[in-house]
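Enquirer: What follows is a single structure, and I will ask about it in a moment.
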Protein chains: 2
Amino acid sequence: MTKETSKSAAQMRKGVLELCILRILRGGEAYTSDIIDALKAVDLLVVEGTIYPLLTRMKNAGTLTYRWVESPSGPPRKYYDMTDRGRALLEELEATWNQFVDSVNSLESHMDTTAKNAPLKS
Amino acid sequence: MTKETSKSAAQMRKGVLELCILRILRGGEAYTSDIIDALKAVDLLVVEGTIYPLLTRMKNAGTLTYRWVESPSGPPRKYYDMTDRGRALLEELEATWNQFVDSVNSLESHMDTTAKNAPLKS
DNA sequence: AAAAAGTACTATGCTTAACATAGTACATGG
DNA sequence: CCATGTACTATGTTAAGCATAGTACTTTTT
């Protein structure tokens, strides 16, 4: 992947991380490292620094809650879970995402949309 | 669509507009209003102000060229076309896009990834 | 018991692309 | 000749991912 496309990839990630987190949490509560690992596994995250503030934003927005759970090794963990508001948002984001993908892919086929206005070659 | 999801939609658009423009131009040269209309038709663009600077960026990056064409009504138009570099970038962005969609959608199914680390309920 | 290492979370600033809005220039029509 | 419409340009704002550094707590090591 070139420098140019990796920049595009970073931009594409914007806006879907929230959806991805909600999708992960649909399977049950998880703590930050679990979420990070799941996202990294599918190359949707580069660094931890991105996810911590996002989880805080989502918690403040009322889409997530967390509870402290003692860890077998290390400091206690925040286990996150969806709220009802989060479940509603997930549904909306699913619809938005599917629409979005359809829109982008629709540009693959009908390339005559612009042809009707094409000028004569000089 | 709520205020929250429309924000997400705006974020999702980031990074794919370049790909979309290249997809549109694959069908042949087009001028800015053609491109804007095509993008608006599939809800991938809100305002013109976004696309003009983007086309300039892409021209400066060497992925696009343009030629002036007299208009039947109004000022002359910039007709854009892909360069060889643009065609190469298009291929890369196609791959990046497909990978990206697969990644996001892969989070739909295996929701047991995190379950193995799930704590006991208190 | 003190030092070292590892884990989990927090805080600050940067970059970039979409958005918003206003403004300029040119051509046609009344 | 002025009004209207079309095409392009310019400037500033916002927001999310990225980069990096730092704090706090726990377990392990010597």
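Naming scheme: A, B, ... for chains in displayed order of the structure tokens; residues 1 onward per chain; ligands 1 onward as shown.
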Each residue of range 19-118 of chain B with at least one atom at most 10 Å from range 91-98 of chain A should appear once, together with its nearest atom pair and the corresponding distance in Å (one decimal); atoms considered: only C-alpha atoms; ordering: chain, then increasing residue number; output as a tab-separated table.
Expert:
```
residue	atom	partner	partner_atom	distance
B:Val101	CA	A:Trp97	CA	9.7
B:Val104	CA	A:Trp97	CA	9.5
B:Asn105	CA	A:Asn98	CA	9.8
```
Enquirer: Could you turn the residues from that selection into a file that holds N, CA, C and O atoms, as a PDB file, in the first residue's frame?
Expert:
```pdb
ATOM      1  N   VAL B 101     -14.460  -2.457   3.331  1.00  0.00           N
ATOM      2  CA  VAL B 101     -15.845  -2.913   3.489  1.00  0.00           C
ATOM      3  C   VAL B 101     -15.881  -4.314   4.087  1.00  0.00           C
ATOM      4  O   VAL B 101     -16.672  -4.600   4.995  1.00  0.00           O
ATOM      5  N   VAL B 104     -15.098  -4.129   7.917  1.00  0.00           N
ATOM      6  CA  VAL B 104     -16.224  -3.657   8.735  1.00  0.00           C
ATOM      7  C   VAL B 104     -17.306  -4.724   8.815  1.00  0.00           C
ATOM      8  O   VAL B 104     -17.843  -4.995   9.887  1.00  0.00           O
ATOM      9  N   ASN B 105     -17.595  -5.339   7.682  1.00  0.00           N
ATOM     10  CA  ASN B 105     -18.669  -6.326   7.674  1.00  0.00           C
ATOM     11  C   ASN B 105     -18.282  -7.622   8.368  1.00  0.00           C
ATOM     12  O   ASN B 105     -19.143  -8.395   8.781  1.00  0.00           O
TER      13      ASN B 105
END
```
Enquirer: May I have the residues within 12 Å of range 57-73 of chain A as a VMD selection string, using only C-alpha atoms (C1' of nucleotides) and disregarding those fewer than 6 positions away in the same chain?
Expert: (chain A and resid 17 to 19 21 to 22 25 to 26 28 to 32 50 to 51 79 to 90) or (chain B and resid 4 117 to 122) or (chain C and resid 6 to 8) or (chain D and resid 16 25 to 28)
Enquirer: Excluding DT6 in chain D and residues on its chain fewer than 4 positions from it, collect all residues at most 10 Å away from it, counting only C-alpha atoms (C1' of nucleotides), and give them as an MDAnalysis selection string.
Expert: (chainID B and resid 33 71 73:77) or (chainID C and resid 26:27)
Enquirer: Could the residues in this selection be written to a file with N, CA, C and O atoms (P, O5', C5', C4', C3', O3' and C1' of nucleotides), as a PDB file, in the first residue's frame?
Expert:
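See again.pdb below for the written result:
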```pdb
ATOM      1  N   SER B  33     -19.501  20.261 -12.654  1.00  0.00           N
ATOM      2  CA  SER B  33     -20.935  20.144 -12.363  1.00  0.00           C
ATOM      3  C   SER B  33     -21.461  18.738 -12.639  1.00  0.00           C
ATOM      4  O   SER B  33     -22.338  18.249 -11.926  1.00  0.00           O
ATOM      5  N   SER B  71     -18.322  26.849 -23.139  1.00  0.00           N
ATOM      6  CA  SER B  71     -19.665  26.434 -22.762  1.00  0.00           C
ATOM      7  C   SER B  71     -20.682  27.095 -23.678  1.00  0.00           C
ATOM      8  O   SER B  71     -20.481  28.213 -24.147  1.00  0.00           O
ATOM      9  N   SER B  73     -23.437  28.129 -22.710  1.00  0.00           N
ATOM     10  CA  SER B  73     -24.058  29.192 -21.923  1.00  0.00           C
ATOM     11  C   SER B  73     -23.278  29.390 -20.634  1.00  0.00           C
ATOM     12  O   SER B  73     -23.296  28.540 -19.769  1.00  0.00           O
ATOM     13  N   GLY B  74     -22.580  30.521 -20.561  1.00  0.00           N
ATOM     14  CA  GLY B  74     -21.788  30.784 -19.360  1.00  0.00           C
ATOM     15  C   GLY B  74     -20.307  30.682 -19.633  1.00  0.00           C
ATOM     16  O   GLY B  74     -19.880  30.532 -20.779  1.00  0.00           O
ATOM     17  N   PRO B  75     -19.548  30.795 -18.573  1.00  0.00           N
ATOM     18  CA  PRO B  75     -18.080  30.772 -18.695  1.00  0.00           C
ATOM     19  C   PRO B  75     -17.574  29.393 -19.112  1.00  0.00           C
ATOM     20  O   PRO B  75     -18.304  28.413 -19.002  1.00  0.00           O
ATOM     21  N   PRO B  76     -16.338  29.320 -19.596  1.00  0.00           N
ATOM     22  CA  PRO B  76     -15.764  28.035 -20.010  1.00  0.00           C
ATOM     23  C   PRO B  76     -15.664  27.061 -18.843  1.00  0.00           C
ATOM     24  O   PRO B  76     -15.643  27.465 -17.689  1.00  0.00           O
ATOM     25  N   ARG B  77     -15.606  25.780 -19.180  1.00  0.00           N
ATOM     26  CA  ARG B  77     -15.585  24.736 -18.149  1.00  0.00           C
ATOM     27  C   ARG B  77     -14.265  23.991 -18.162  1.00  0.00           C
ATOM     28  O   ARG B  77     -13.638  23.822 -19.201  1.00  0.00           O
TER      29      ARG B  77
ATOM     30  P    DC C  26     -12.927  37.700 -16.654  1.00  0.00           P
ATOM     31  O5'  DC C  26     -13.961  37.034 -17.666  1.00  0.00           O
ATOM     32  C5'  DC C  26     -14.052  35.617 -17.743  1.00  0.00           C
ATOM     33  C4'  DC C  26     -15.465  35.201 -18.101  1.00  0.00           C
ATOM     34  C3'  DC C  26     -16.057  35.965 -19.288  1.00  0.00           C
ATOM     35  O3'  DC C  26     -16.222  35.074 -20.367  1.00  0.00           O
ATOM     36  C1'  DC C  26     -17.632  35.661 -17.516  1.00  0.00           C
ATOM     37  P    DA C  27     -16.627  35.631 -21.824  1.00  0.00           P
ATOM     38  O5'  DA C  27     -18.137  35.162 -21.942  1.00  0.00           O
ATOM     39  C5'  DA C  27     -18.464  33.805 -21.682  1.00  0.00           C
ATOM     40  C4'  DA C  27     -19.971  33.623 -21.659  1.00  0.00           C
ATOM     41  C3'  DA C  27     -20.677  34.318 -22.824  1.00  0.00           C
ATOM     42  O3'  DA C  27     -21.544  33.389 -23.479  1.00  0.00           O
ATOM     43  C1'  DA C  27     -21.623  35.008 -20.749  1.00  0.00           C
TER      44       DA C  27
END
```
Enquirer: Once you count only C-alpha atoms (C1' of nucleotides), which residues of chain D turn out to be within 9 Å of chain B? Could you give them as a ChimeraX atom specification?
Expert: /D:5-9,15-16
Enquirer: Take the residues from that selection and put them in a file with all heavy atoms, as a short mmCIF file (atom, residue, chain, number, x, y, z; two decimals), in the first residue's frame.
Expert:
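Just written: again.cif:
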```
data_model
loop_
_atom_site.label_atom_id
_atom_site.label_comp_id
_atom_site.auth_asym_id
_atom_site.auth_seq_id
_atom_site.Cartn_x
_atom_site.Cartn_y
_atom_site.Cartn_z
P DG D 5 -31.75 33.51 -12.07
OP1 DG D 5 -33.06 32.83 -12.17
OP2 DG D 5 -31.25 33.95 -10.76
"O5'" DG D 5 -30.66 32.57 -12.75
"C5'" DG D 5 -30.71 32.33 -14.17
"C4'" DG D 5 -29.38 31.78 -14.64
"O4'" DG D 5 -28.38 32.83 -14.64
"C3'" DG D 5 -28.83 30.65 -13.75
"O3'" DG D 5 -28.41 29.58 -14.58
"C2'" DG D 5 -27.64 31.30 -13.05
"C1'" DG D 5 -27.18 32.32 -14.08
N9 DG D 5 -26.43 33.44 -13.52
C8 DG D 5 -26.79 34.24 -12.46
N7 DG D 5 -25.91 35.16 -12.19
C5 DG D 5 -24.90 34.96 -13.13
C6 DG D 5 -23.68 35.66 -13.34
O6 DG D 5 -23.24 36.62 -12.72
N1 DG D 5 -22.97 35.14 -14.42
C2 DG D 5 -23.37 34.06 -15.18
N2 DG D 5 -22.55 33.68 -16.15
N3 DG D 5 -24.51 33.40 -14.99
C4 DG D 5 -25.22 33.91 -13.96
P DT D 6 -28.10 28.15 -13.99
OP1 DT D 6 -28.91 27.16 -14.72
OP2 DT D 6 -28.16 28.25 -12.52
"O5'" DT D 6 -26.58 27.93 -14.40
"C5'" DT D 6 -26.17 28.26 -15.73
"C4'" DT D 6 -24.66 28.44 -15.74
"O4'" DT D 6 -24.31 29.68 -15.11
"C3'" DT D 6 -23.88 27.35 -15.02
"O3'" DT D 6 -22.93 26.80 -15.92
"C2'" DT D 6 -23.21 28.07 -13.86
"C1'" DT D 6 -23.12 29.49 -14.39
N1 DT D 6 -23.05 30.56 -13.35
C2 DT D 6 -21.99 31.43 -13.37
O2 DT D 6 -21.10 31.37 -14.18
N3 DT D 6 -22.01 32.39 -12.38
C4 DT D 6 -22.97 32.54 -11.41
O4 DT D 6 -22.88 33.44 -10.58
C5 DT D 6 -24.06 31.60 -11.45
C7 DT D 6 -25.15 31.69 -10.43
C6 DT D 6 -24.05 30.66 -12.41
P DA D 7 -22.20 25.41 -15.58
OP1 DA D 7 -21.97 24.70 -16.84
OP2 DA D 7 -22.95 24.78 -14.49
"O5'" DA D 7 -20.79 25.89 -15.01
"C5'" DA D 7 -19.87 26.50 -15.90
"C4'" DA D 7 -18.72 27.07 -15.13
"O4'" DA D 7 -19.19 28.16 -14.30
"C3'" DA D 7 -18.04 26.08 -14.17
"O3'" DA D 7 -16.69 25.91 -14.61
"C2'" DA D 7 -18.10 26.76 -12.80
"C1'" DA D 7 -18.38 28.21 -13.16
N9 DA D 7 -19.11 28.94 -12.12
C8 DA D 7 -20.31 28.63 -11.55
N7 DA D 7 -20.72 29.49 -10.65
C5 DA D 7 -19.72 30.43 -10.63
C6 DA D 7 -19.56 31.61 -9.87
N6 DA D 7 -20.44 32.04 -8.96
N1 DA D 7 -18.44 32.35 -10.09
C2 DA D 7 -17.56 31.91 -11.01
N3 DA D 7 -17.60 30.83 -11.78
C4 DA D 7 -18.73 30.12 -11.53
P DC D 8 -15.76 24.82 -13.82
OP1 DC D 8 -14.83 24.27 -14.81
OP2 DC D 8 -16.58 23.93 -13.00
"O5'" DC D 8 -14.92 25.78 -12.86
"C5'" DC D 8 -14.19 26.86 -13.44
"C4'" DC D 8 -13.85 27.88 -12.37
"O4'" DC D 8 -15.05 28.32 -11.71
"C3'" DC D 8 -12.92 27.37 -11.26
"O3'" DC D 8 -11.67 28.03 -11.37
"C2'" DC D 8 -13.65 27.71 -9.97
"C1'" DC D 8 -14.67 28.74 -10.42
N1 DC D 8 -15.88 28.79 -9.55
C2 DC D 8 -16.06 29.89 -8.70
O2 DC D 8 -15.20 30.78 -8.69
N3 DC D 8 -17.18 29.94 -7.91
C4 DC D 8 -18.07 28.97 -7.97
N4 DC D 8 -19.14 29.07 -7.18
C5 DC D 8 -17.90 27.84 -8.83
C6 DC D 8 -16.81 27.80 -9.61
P DT D 9 -10.49 27.62 -10.34
OP1 DT D 9 -9.22 27.93 -11.02
OP2 DT D 9 -10.76 26.27 -9.80
"O5'" DT D 9 -10.67 28.66 -9.13
"C5'" DT D 9 -10.66 30.05 -9.39
"C4'" DT D 9 -10.69 30.84 -8.09
"O4'" DT D 9 -12.02 30.77 -7.52
"C3'" DT D 9 -9.73 30.34 -7.01
"O3'" DT D 9 -8.94 31.44 -6.58
"C2'" DT D 9 -10.64 29.83 -5.91
"C1'" DT D 9 -11.91 30.63 -6.13
N1 DT D 9 -13.16 29.99 -5.66
C2 DT D 9 -13.92 30.62 -4.70
O2 DT D 9 -13.60 31.67 -4.20
N3 DT D 9 -15.07 29.94 -4.35
C4 DT D 9 -15.53 28.74 -4.86
O4 DT D 9 -16.57 28.25 -4.47
C5 DT D 9 -14.69 28.14 -5.86
C7 DT D 9 -15.09 26.84 -6.47
C6 DT D 9 -13.55 28.78 -6.22
P DA D 15 -17.75 19.92 15.90
OP1 DA D 15 -19.18 19.67 16.14
OP2 DA D 15 -16.90 20.50 16.94
"O5'" DA D 15 -17.10 18.55 15.41
"C5'" DA D 15 -17.42 18.06 14.12
"C4'" DA D 15 -16.52 16.91 13.79
"O4'" DA D 15 -15.26 17.40 13.28
"C3'" DA D 15 -16.17 16.03 14.99
"O3'" DA D 15 -16.19 14.68 14.58
"C2'" DA D 15 -14.77 16.47 15.37
"C1'" DA D 15 -14.20 16.83 14.00
N9 DA D 15 -13.12 17.82 14.06
C8 DA D 15 -12.97 18.83 14.96
N7 DA D 15 -11.89 19.56 14.76
C5 DA D 15 -11.30 18.97 13.65
C6 DA D 15 -10.13 19.26 12.94
N6 DA D 15 -9.32 20.27 13.26
N1 DA D 15 -9.83 18.48 11.89
C2 DA D 15 -10.65 17.47 11.58
N3 DA D 15 -11.77 17.11 12.17
C4 DA D 15 -12.05 17.90 13.21
P DA D 16 -16.43 13.55 15.72
OP1 DA D 16 -17.81 13.06 15.60
OP2 DA D 16 -15.91 14.04 17.00
"O5'" DA D 16 -15.47 12.40 15.19
"C5'" DA D 16 -15.42 12.13 13.80
"C4'" DA D 16 -14.05 11.61 13.44
"O4'" DA D 16 -13.12 12.71 13.40
"C3'" DA D 16 -13.49 10.61 14.47
"O3'" DA D 16 -12.90 9.54 13.78
"C2'" DA D 16 -12.46 11.42 15.23
"C1'" DA D 16 -11.98 12.38 14.16
N9 DA D 16 -11.41 13.61 14.69
C8 DA D 16 -11.84 14.32 15.78
N7 DA D 16 -11.13 15.39 16.03
C5 DA D 16 -10.18 15.40 15.03
C6 DA D 16 -9.13 16.28 14.73
N6 DA D 16 -8.86 17.37 15.45
N1 DA D 16 -8.37 16.00 13.66
C2 DA D 16 -8.64 14.90 12.94
N3 DA D 16 -9.60 14.00 13.13
C4 DA D 16 -10.34 14.32 14.20
#
```
Enquirer: Could you please tell me, as a PyMOL selection string, which residues of chain C have an atom within 12 Å of chain A when using only C-alpha atoms (C1' of nucleotides)?
Expert: chain C and resi 5-12+15-18
Enquirer: Got a sec to pull out which chain B residues are within 6 Å of chain A, counting only C-alpha atoms, and send them as a VMD selection string?
Expert: chain B and resid 8 11 to 12 14 to 15 27 34 42 103 111 114
Enquirer: Take the selection from the previous step and output its residues with N, CA, C and O atoms, as a PDB file, in the first residue's frame.
Expert:
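File produced: selection.pdb:
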```pdb
ATOM      1  N   SER B   8     -22.090  10.999  11.457  1.00  0.00           N
ATOM      2  CA  SER B   8     -21.359   9.794  11.076  1.00  0.00           C
ATOM      3  C   SER B   8     -21.300   9.654   9.571  1.00  0.00           C
ATOM      4  O   SER B   8     -20.262   9.289   9.004  1.00  0.00           O
ATOM      5  N   GLN B  11     -18.668  11.739   8.174  1.00  0.00           N
ATOM      6  CA  GLN B  11     -17.340  11.170   8.424  1.00  0.00           C
ATOM      7  C   GLN B  11     -17.050  10.007   7.484  1.00  0.00           C
ATOM      8  O   GLN B  11     -15.932   9.827   7.033  1.00  0.00           O
ATOM      9  N   MET B  12     -18.057   9.216   7.204  1.00  0.00           N
ATOM     10  CA  MET B  12     -17.867   8.067   6.316  1.00  0.00           C
ATOM     11  C   MET B  12     -17.449   8.528   4.921  1.00  0.00           C
ATOM     12  O   MET B  12     -16.688   7.858   4.237  1.00  0.00           O
ATOM     13  N   LYS B  14     -15.541  10.821   4.119  1.00  0.00           N
ATOM     14  CA  LYS B  14     -14.127  11.192   4.040  1.00  0.00           C
ATOM     15  C   LYS B  14     -13.308  10.034   3.496  1.00  0.00           C
ATOM     16  O   LYS B  14     -13.409   8.918   3.944  1.00  0.00           O
ATOM     17  N   GLY B  15     -12.509  10.319   2.552  1.00  0.00           N
ATOM     18  CA  GLY B  15     -11.603   9.310   2.037  1.00  0.00           C
ATOM     19  C   GLY B  15     -12.148   8.543   0.854  1.00  0.00           C
ATOM     20  O   GLY B  15     -11.392   7.922   0.124  1.00  0.00           O
ATOM     21  N   GLY B  27     -15.550   6.595 -16.857  1.00  0.00           N
ATOM     22  CA  GLY B  27     -16.445   6.584 -18.021  1.00  0.00           C
ATOM     23  C   GLY B  27     -16.102   7.638 -19.053  1.00  0.00           C
ATOM     24  O   GLY B  27     -16.756   7.733 -20.089  1.00  0.00           O
ATOM     25  N   ASP B  34     -20.921  18.099 -13.661  1.00  0.00           N
ATOM     26  CA  ASP B  34     -21.292  16.705 -13.929  1.00  0.00           C
ATOM     27  C   ASP B  34     -20.971  15.838 -12.727  1.00  0.00           C
ATOM     28  O   ASP B  34     -21.785  15.032 -12.274  1.00  0.00           O
ATOM     29  N   VAL B  42     -26.384  10.250  -5.563  1.00  0.00           N
ATOM     30  CA  VAL B  42     -26.295   9.089  -4.672  1.00  0.00           C
ATOM     31  C   VAL B  42     -25.979   9.517  -3.241  1.00  0.00           C
ATOM     32  O   VAL B  42     -25.490   8.719  -2.440  1.00  0.00           O
ATOM     33  N   SER B 103     -13.671  -5.664   6.010  1.00  0.00           N
ATOM     34  CA  SER B 103     -13.257  -5.583   7.412  1.00  0.00           C
ATOM     35  C   SER B 103     -14.427  -5.196   8.305  1.00  0.00           C
ATOM     36  O   SER B 103     -14.685  -5.837   9.324  1.00  0.00           O
ATOM     37  N   MET B 111     -18.930 -12.750  16.942  1.00  0.00           N
ATOM     38  CA  MET B 111     -19.016 -11.928  18.131  1.00  0.00           C
ATOM     39  C   MET B 111     -18.581 -12.708  19.361  1.00  0.00           C
ATOM     40  O   MET B 111     -18.809 -12.333  20.480  1.00  0.00           O
ATOM     41  N   THR B 114     -14.626 -11.786  21.678  1.00  0.00           N
ATOM     42  CA  THR B 114     -14.409 -11.158  22.981  1.00  0.00           C
ATOM     43  C   THR B 114     -14.967 -12.002  24.121  1.00  0.00           C
ATOM     44  O   THR B 114     -14.601 -11.810  25.266  1.00  0.00           O
TER      45      THR B 114
END
```
Enquirer: Counting only C-alpha atoms (C1' of nucleotides), what is within 12 Å of DA20 in chain C, bar same-chain residues fewer than 2 positions away, as a list in words?
Expert: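 Answer for this query is Val46, Val47, Glu48, Gly49 and Thr50 of chain B; DA18 and DA22 of chain C; DT11, DG12, DT13 and DT14 of chain D.
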